[in-house]
Every structure is written in C-alpha cells, then in structure tokens.
Amino acid sequence: MNEKRKVVLVGTGSVGMSMAYSFLTTGGLDELVLIDVNKEKAIGEAMDLQHGLPYARHNITVKAGEYADCKGAQIVVITAGVTQRPDETRIDLTARDTVILKDVTENVMKNGFDGILVVASNPVDGMAYVAQKVSGLPSHRVIGTGTLLDTARLRFMMSEYLTISTSNIHAYIMGEHGDTSFVPWNNAYVGCKPLLELLDEKKSDLSDLHDIYTQVQQAGYEIVKRKHSTYYGIGLSLNRLVQAILNDENVILTVSAYQNGEYGHKGLYIGVPAVVNREGIREIVKLGLNEVDQAKFDKSCETLKQINHETIDPLL
C-alpha cells in the first residue's frame with residue numbers, strides 16, 4: 001500500500017493497548033488512532049505511548065480520536081466489550097457485547113469507513129457475525145481473531161514437546177474460539193513431515209496430543225485464574241493479523257471467517273485456516289477433514305448457529 005498506513009483501535013482496554021504497544025516495537029504503521037467510550041482514558045493511553053516514541057523502532061503518529069477518524073483508515077480493530085462477571089453465563093455476555101458491537105460498528109460505518117474490520121471482542125465468532133451484519137461490508141472484509149491465539153498456543157506447546165522451532169510447527173486449532181474447538185491432527189505437520197508419522201517413528205504416546213490440546217483449550221482459564229485476564233498473546237496476534245493485511249502477505253492464518261459452504265456450513269463466522277491479504281480474506285483453505293474431525297467441526301458450527309439465532313439476531 002502506498003497510502004498512509006492508518007489503523008483505528010476502538011477499545012483501549014488491556015487487549016487493545018497490548019496491540020497498540022506492540023506496534024511501537026515492530027513498526028508497520030504510520031498512524032494509530034485510539035477511541036474509547038471513556039475519552040479521558042484514550043487520551044491518557046495515547047499520551048503514555050507518545051512519550052515512548054523517541055525510543056520506538058519506527059516513527060508512528062499516535063493520538064486519541066473520534067469515530068470521524070475512521071474515514072481513510074485501512075483497518076479498524078474492535079476490542080471493545082465488557083468483562084464477563086463471575087456468575088454470568090456466556091449467553092448473557094454475548095447479549096451485552098452484541099449491543100456494544102452493534103453501536104460501535106454503526107458509528108464506524110456512518111463516518112465513511114471503507115476498509116477492513118478486525119474484531120477481537122468476545123465471544124469473537126459471534127461478534128464478527130454482528131460486525132458484518134451491521135456494517136454491510138463484504139464478508140471477506142470482516143475478520144475475527146478466531147482461533148489465531150489458540151493456534152499460537154498450540155504451536156508453542158508442540159514446539160516445547162518436540163523441541164522443534166515454532167516456525168516449523170504447522171498445526172491449527174479450528175472451530176469456535178471456545179469449548180468446542182479441536183485440532184485436526186491428521187492435517188498437522190512438522191516441517192514437511194506429517195506429525196502423526198513423526199510421532200509413530202519416535203514411539204511417542206499419542207495420548208500426549210490429547211493432553212496438549214487440553215492445555216491449549218484451558219490456557220485462557222489458567223491465565224485468568226492467576227492474573228485475572230489475558231492480553232499479551234492476543235495483542236501480538238492482532239499485530240500479526242494487521243501486518244498481514246497491510247503488507248498484502250497472502251499468509252495462512254486461523255481466523256474467524258464467514259462460511260459459505262467450504263466445510264458444509266453457511267452463514268456464520270468460525271475459526272478456519274484462511275489466506276489473508278490486503279483485501280481481507282482471499283480464500284478459506286479447505287482441509288480434507290476425516291469423519292471424526294468433520295463431526296467436531298459440525299458440532300462447533302451448530303453451537304455458534306444456535307447462539308446467533310437465539311441470542312444475537314433478535315438484538316440486531
């Protein structure tokens with residue numbers, strides 16, 4: 001892209017600011033605008049980042065702004081949302097965040113935004129669905145972070161288990177960013193070698209894979225138990241996704257993408273490997289799932305469809 005690389009962040013909580021801070025160390029942006037319902041917090045966060053700019057890797061203009069700043073931005077990242085209460089059900093959280101995402105998206109769009117929406121608010125698959133429905137943008141230009149962080153956790157844990165660099169672990173978490181996610185182990189590779197073949201050669205216990213998945217699936221809960229919230233991992237995941245879009249990378253990332261029959265389902269957002277470039281999602285990568293994995297994917301889809309139909313749609 002030859003034009004100024006401008007990104008607007010809506011939501012200056014820990015997740016959003018972890019992403020914002022990461023760009024001071026990686027570069028890749030010309031302008032970063034912070035928007036929050038608490039305007040004074042957005043101003044304070046912008047000031048804090050500005051004071052670190054003399055030591056930043058690249059020069060970036062950072063400022064607190066308004067929704068009018070969405071005009072001309074290539075990407076708007078939405079992390080706004082509420083924190084789940086201890087006694088709150090997932091359905092209750094979904095309902096509250098649907099109202100917030102609807103309001104945020106309407107404000108973004110009525111100010112002339114015509115770029116790519118990246119959604120990280122939870123439950124992310126449902127919130128990506130909200131953002132697309134409300135914005136009216138083509139589905140390939142609305143992307144949820146999906147299982148991007150889950151996949152990073154998987155690659156890290158597999159790397160530790162195999163003593164192989166994370167860059168050579170080609171494995172993915174698919175499905176809902178939640179309890180019905182799964183790993184299609186038959187489609188996992190270490191370098192160019194099938195993972196299951198490698199483990200068979202090493203005489204490894206395949207039950208270890210189940211243990212690794214369980215650790216991945218429970219990782220967020222374990223972090224929250226110790227420090228009340230997670231934000232560094234998803235902040236860096238957002239950085240990676242935004243860079244992939246701005247740099248027109250055509251890279252495969254496991255994001256929440258709109259399904260149009262690729263895995264036998266339509267009309268919902270869910271985590272799948274997809275090719276990401278400056279247009280958003282170029283295409284969904286269709287893996288040959290075995291019968292067991294397809295059943296897991298079907299279950300995940302039905303879970304999300306029910307939430308969309310019963311909780312989200314009535315609020316739109």
# chains A, B, ... in the order shown; residues from 1 in each chain; ligands from 1

$ residues_around --residues "A:Ser22" --least-positions-apart "4" --cutoff "7 Å" --atoms "only C-alpha atoms" --output "VMD selection string"
chain A and resid 18 26 236 239

$ residues_around --residues "stretch 175-179 of chain A" --least-positions-apart "5" --cutoff "6 Å" --atoms "only C-alpha atoms" --output "PyMOL selection string"
chain A and resi 146-147+270-271+297+300

$ atom_distance --atom1 "atom CA of A:Gly280" --atom2 "atom CA of A:Ile245"
6.3 Å

$ residues_around --residues "A:Ile35" --least-positions-apart "3" --cutoff "12 Å" --atoms "only C-alpha atoms" --output "ChimeraX atom specification"
/A:7-13,16-17,20,32,38-46,62-70,76-80,104,107-108

$ write_last_selection --atoms "C-alpha atoms" --output "JSON list (two decimals), in the first residue's frame"
[["chain", "number", "residue", "atom", "x", "y", "z"],
["A", 7, "VAL", "CA", -5.28, 1.93, 11.88],
["A", 8, "VAL", "CA", -8.05, 2.87, 14.29],
["A", 9, "LEU", "CA", -8.40, 0.96, 17.56],
["A", 10, "VAL", "CA", -11.81, 1.01, 19.26],
["A", 11, "GLY", "CA", -11.40, -0.08, 22.88],
["A", 12, "THR", "CA", -8.39, 0.89, 24.99],
["A", 13, "GLY", "CA", -8.55, -1.94, 27.48],
["A", 16, "GLY", "CA", -6.29, -3.18, 22.63],
["A", 17, "MET", "CA", -3.39, -1.47, 24.35],
["A", 20, "ALA", "CA", -1.06, -0.73, 20.35],
["A", 32, "LEU", "CA", -2.66, 4.80, 15.19],
["A", 38, "ASN", "CA", -14.02, 6.77, 28.19],
["A", 39, "LYS", "CA", -12.40, 9.59, 26.22],
["A", 40, "GLU", "CA", -10.07, 10.59, 29.04],
["A", 41, "LYS", "CA", -8.65, 7.07, 29.17],
["A", 42, "ALA", "CA", -7.99, 7.14, 25.42],
["A", 43, "ILE", "CA", -6.18, 10.46, 25.84],
["A", 44, "GLY", "CA", -4.12, 9.10, 28.72],
["A", 45, "GLU", "CA", -3.19, 5.94, 26.81],
["A", 46, "ALA", "CA", -2.18, 7.99, 23.77],
["A", 62, "VAL", "CA", -0.35, 8.15, 17.93],
["A", 63, "LYS", "CA", -3.39, 10.09, 19.06],
["A", 64, "ALA", "CA", -6.74, 9.81, 20.80],
["A", 65, "GLY", "CA", -9.54, 10.43, 18.35],
["A", 66, "GLU", "CA", -13.19, 10.20, 17.41],
["A", 67, "TYR", "CA", -15.18, 7.96, 15.10],
["A", 68, "ALA", "CA", -14.68, 10.57, 12.37],
["A", 69, "ASP", "CA", -11.07, 9.35, 12.26],
["A", 70, "CYS", "CA", -12.29, 6.05, 10.78],
["A", 76, "VAL", "CA", -10.46, -0.61, 12.26],
["A", 77, "VAL", "CA", -9.69, -3.02, 15.10],
["A", 78, "ILE", "CA", -12.52, -3.53, 17.61],
["A", 79, "THR", "CA", -11.61, -4.79, 21.07],
["A", 80, "ALA", "CA", -14.41, -3.00, 22.92],
["A", 104, "VAL", "CA", -19.53, 0.60, 17.71],
["A", 107, "ASN", "CA", -20.55, 4.59, 14.50],
["A", 108, "VAL", "CA", -17.60, 3.32, 12.48]]

$ select_by_dssp --residues "stretch 105-283 of chain A" --states "helix (DSSP H, G or I)" --output "PDB file with C-alpha atoms, in the first residue's frame"
ATOM      1  CA  THR A 105     -19.966  -0.758  14.183  1.00  0.00           C
ATOM      2  CA  GLU A 106     -22.743   1.694  13.378  1.00  0.00           C
ATOM      3  CA  ASN A 107     -20.548   4.590  14.497  1.00  0.00           C
ATOM      4  CA  VAL A 108     -17.598   3.322  12.475  1.00  0.00           C
ATOM      5  CA  MET A 109     -19.645   2.957   9.294  1.00  0.00           C
ATOM      6  CA  VAL A 124     -15.294 -13.400  18.887  1.00  0.00           C
ATOM      7  CA  ASP A 125     -17.097 -15.616  16.365  1.00  0.00           C
ATOM      8  CA  GLY A 126     -20.434 -14.107  17.330  1.00  0.00           C
ATOM      9  CA  MET A 127     -19.065 -10.561  17.430  1.00  0.00           C
ATOM     10  CA  ALA A 128     -17.549 -10.902  13.946  1.00  0.00           C
ATOM     11  CA  TYR A 129     -21.011 -12.023  12.815  1.00  0.00           C
ATOM     12  CA  VAL A 130     -22.508  -8.899  14.423  1.00  0.00           C
ATOM     13  CA  ALA A 131     -19.946  -6.583  12.821  1.00  0.00           C
ATOM     14  CA  GLN A 132     -20.572  -7.975   9.348  1.00  0.00           C
ATOM     15  CA  LYS A 133     -24.357  -7.885   9.627  1.00  0.00           C
ATOM     16  CA  VAL A 134     -24.393  -4.334  10.964  1.00  0.00           C
ATOM     17  CA  SER A 135     -21.671  -2.915   8.714  1.00  0.00           C
ATOM     18  CA  SER A 139     -17.899 -10.806   4.429  1.00  0.00           C
ATOM     19  CA  HIS A 140     -14.246 -11.134   3.363  1.00  0.00           C
ATOM     20  CA  ARG A 141     -13.575  -7.660   4.772  1.00  0.00           C
ATOM     21  CA  LEU A 148      -5.425 -17.259  15.966  1.00  0.00           C
ATOM     22  CA  LEU A 149      -4.305 -17.164  19.597  1.00  0.00           C
ATOM     23  CA  ASP A 150      -5.380 -20.773  20.214  1.00  0.00           C
ATOM     24  CA  THR A 151      -3.196 -21.839  17.293  1.00  0.00           C
ATOM     25  CA  ALA A 152      -0.236 -19.858  18.648  1.00  0.00           C
ATOM     26  CA  ARG A 153      -0.642 -21.615  21.987  1.00  0.00           C
ATOM     27  CA  LEU A 154      -0.760 -24.966  20.203  1.00  0.00           C
ATOM     28  CA  ARG A 155       2.376 -24.229  18.203  1.00  0.00           C
ATOM     29  CA  PHE A 156       4.206 -23.116  21.345  1.00  0.00           C
ATOM     30  CA  MET A 157       3.268 -26.227  23.313  1.00  0.00           C
ATOM     31  CA  MET A 158       4.020 -28.546  20.392  1.00  0.00           C
ATOM     32  CA  SER A 159       7.378 -26.819  19.988  1.00  0.00           C
ATOM     33  CA  GLU A 160       8.223 -27.454  23.625  1.00  0.00           C
ATOM     34  CA  TYR A 161       7.092 -31.074  23.376  1.00  0.00           C
ATOM     35  CA  LEU A 162       9.053 -31.841  20.187  1.00  0.00           C
ATOM     36  CA  THR A 166       7.549 -22.938  16.429  1.00  0.00           C
ATOM     37  CA  SER A 167       8.179 -21.774  12.837  1.00  0.00           C
ATOM     38  CA  ASN A 168       8.267 -25.433  11.781  1.00  0.00           C
ATOM     39  CA  TRP A 185      -4.151 -33.850  13.878  1.00  0.00           C
ATOM     40  CA  ASN A 186      -4.202 -35.613  10.511  1.00  0.00           C
ATOM     41  CA  ASN A 187      -3.551 -32.226   8.928  1.00  0.00           C
ATOM     42  CA  LEU A 195       3.051 -35.068  12.707  1.00  0.00           C
ATOM     43  CA  LEU A 196       1.457 -38.478  13.306  1.00  0.00           C
ATOM     44  CA  GLU A 197       4.117 -40.152  11.183  1.00  0.00           C
ATOM     45  CA  LEU A 198       6.861 -38.421  13.171  1.00  0.00           C
ATOM     46  CA  LEU A 199       5.345 -39.431  16.495  1.00  0.00           C
ATOM     47  CA  ASP A 200       4.986 -43.015  15.307  1.00  0.00           C
ATOM     48  CA  GLU A 201       8.681 -43.109  14.423  1.00  0.00           C
ATOM     49  CA  SER A 207      -2.379 -39.599  24.272  1.00  0.00           C
ATOM     50  CA  ASP A 208       0.142 -36.787  24.706  1.00  0.00           C
ATOM     51  CA  LEU A 209      -1.656 -34.975  21.887  1.00  0.00           C
ATOM     52  CA  HIS A 210      -4.880 -35.014  23.855  1.00  0.00           C
ATOM     53  CA  ASP A 211      -3.051 -33.617  26.870  1.00  0.00           C
ATOM     54  CA  ILE A 212      -1.534 -30.841  24.755  1.00  0.00           C
ATOM     55  CA  TYR A 213      -4.922 -29.899  23.299  1.00  0.00           C
ATOM     56  CA  THR A 214      -6.427 -29.829  26.805  1.00  0.00           C
ATOM     57  CA  GLN A 215      -3.674 -27.471  27.937  1.00  0.00           C
ATOM     58  CA  VAL A 216      -4.347 -25.231  24.939  1.00  0.00           C
ATOM     59  CA  GLN A 217      -8.098 -25.254  25.483  1.00  0.00           C
ATOM     60  CA  GLN A 218      -7.715 -24.461  29.191  1.00  0.00           C
ATOM     61  CA  ALA A 219      -4.858 -21.954  28.791  1.00  0.00           C
ATOM     62  CA  GLY A 220      -7.055 -18.874  28.955  1.00  0.00           C
ATOM     63  CA  TYR A 221      -8.771 -20.084  32.122  1.00  0.00           C
ATOM     64  CA  GLU A 222      -5.409 -20.867  33.718  1.00  0.00           C
ATOM     65  CA  ILE A 223      -4.050 -17.404  32.943  1.00  0.00           C
ATOM     66  CA  VAL A 224      -7.203 -15.687  34.201  1.00  0.00           C
ATOM     67  CA  LYS A 225      -7.001 -17.703  37.420  1.00  0.00           C
ATOM     68  CA  ARG A 226      -3.514 -16.351  38.034  1.00  0.00           C
ATOM     69  CA  LYS A 227      -3.665 -12.774  36.690  1.00  0.00           C
ATOM     70  CA  TYR A 232      -0.294 -10.039  25.630  1.00  0.00           C
ATOM     71  CA  GLY A 233      -0.895 -13.117  23.487  1.00  0.00           C
ATOM     72  CA  ILE A 234      -3.988 -11.726  21.767  1.00  0.00           C
ATOM     73  CA  GLY A 235      -2.313  -8.312  21.427  1.00  0.00           C
ATOM     74  CA  LEU A 236       0.553  -9.872  19.480  1.00  0.00           C
ATOM     75  CA  SER A 237      -1.909 -11.985  17.498  1.00  0.00           C
ATOM     76  CA  LEU A 238      -3.714  -8.810  16.455  1.00  0.00           C
ATOM     77  CA  ASN A 239      -0.410  -7.242  15.448  1.00  0.00           C
ATOM     78  CA  ARG A 240       0.310 -10.274  13.238  1.00  0.00           C
ATOM     79  CA  LEU A 241      -3.103 -10.122  11.589  1.00  0.00           C
ATOM     80  CA  VAL A 242      -2.960  -6.378  10.947  1.00  0.00           C
ATOM     81  CA  GLN A 243       0.552  -6.663   9.487  1.00  0.00           C
ATOM     82  CA  ALA A 244      -0.604  -9.493   7.210  1.00  0.00           C
ATOM     83  CA  ILE A 245      -3.351  -7.266   5.830  1.00  0.00           C
ATOM     84  CA  LEU A 246      -1.261  -4.119   5.407  1.00  0.00           C
TER      85      LEU A 246
END

$ closest_residue --among "A:Gln50, A:Thr311, A:Asn247, A:Gln84" --to "A:Arg5" --atoms "only C-alpha atoms"
A:Asn247

$ closest_residue --among "A:Ile143, A:Ile164, A:Val118, A:Val276" --to "A:Tyr258" --atoms "only C-alpha atoms"
A:Ile143

$ select_by_dssp --residues "stretch 26-120 of chain A" --states "strand (DSSP E or B)" --output "MDAnalysis selection string"
chainID A and resid 31:35 61:64 75:78 116:119

$ atom_distance --atom1 "atom CA of A:Pro184" --atom2 "atom CA of A:Arg282"
22.2 Å
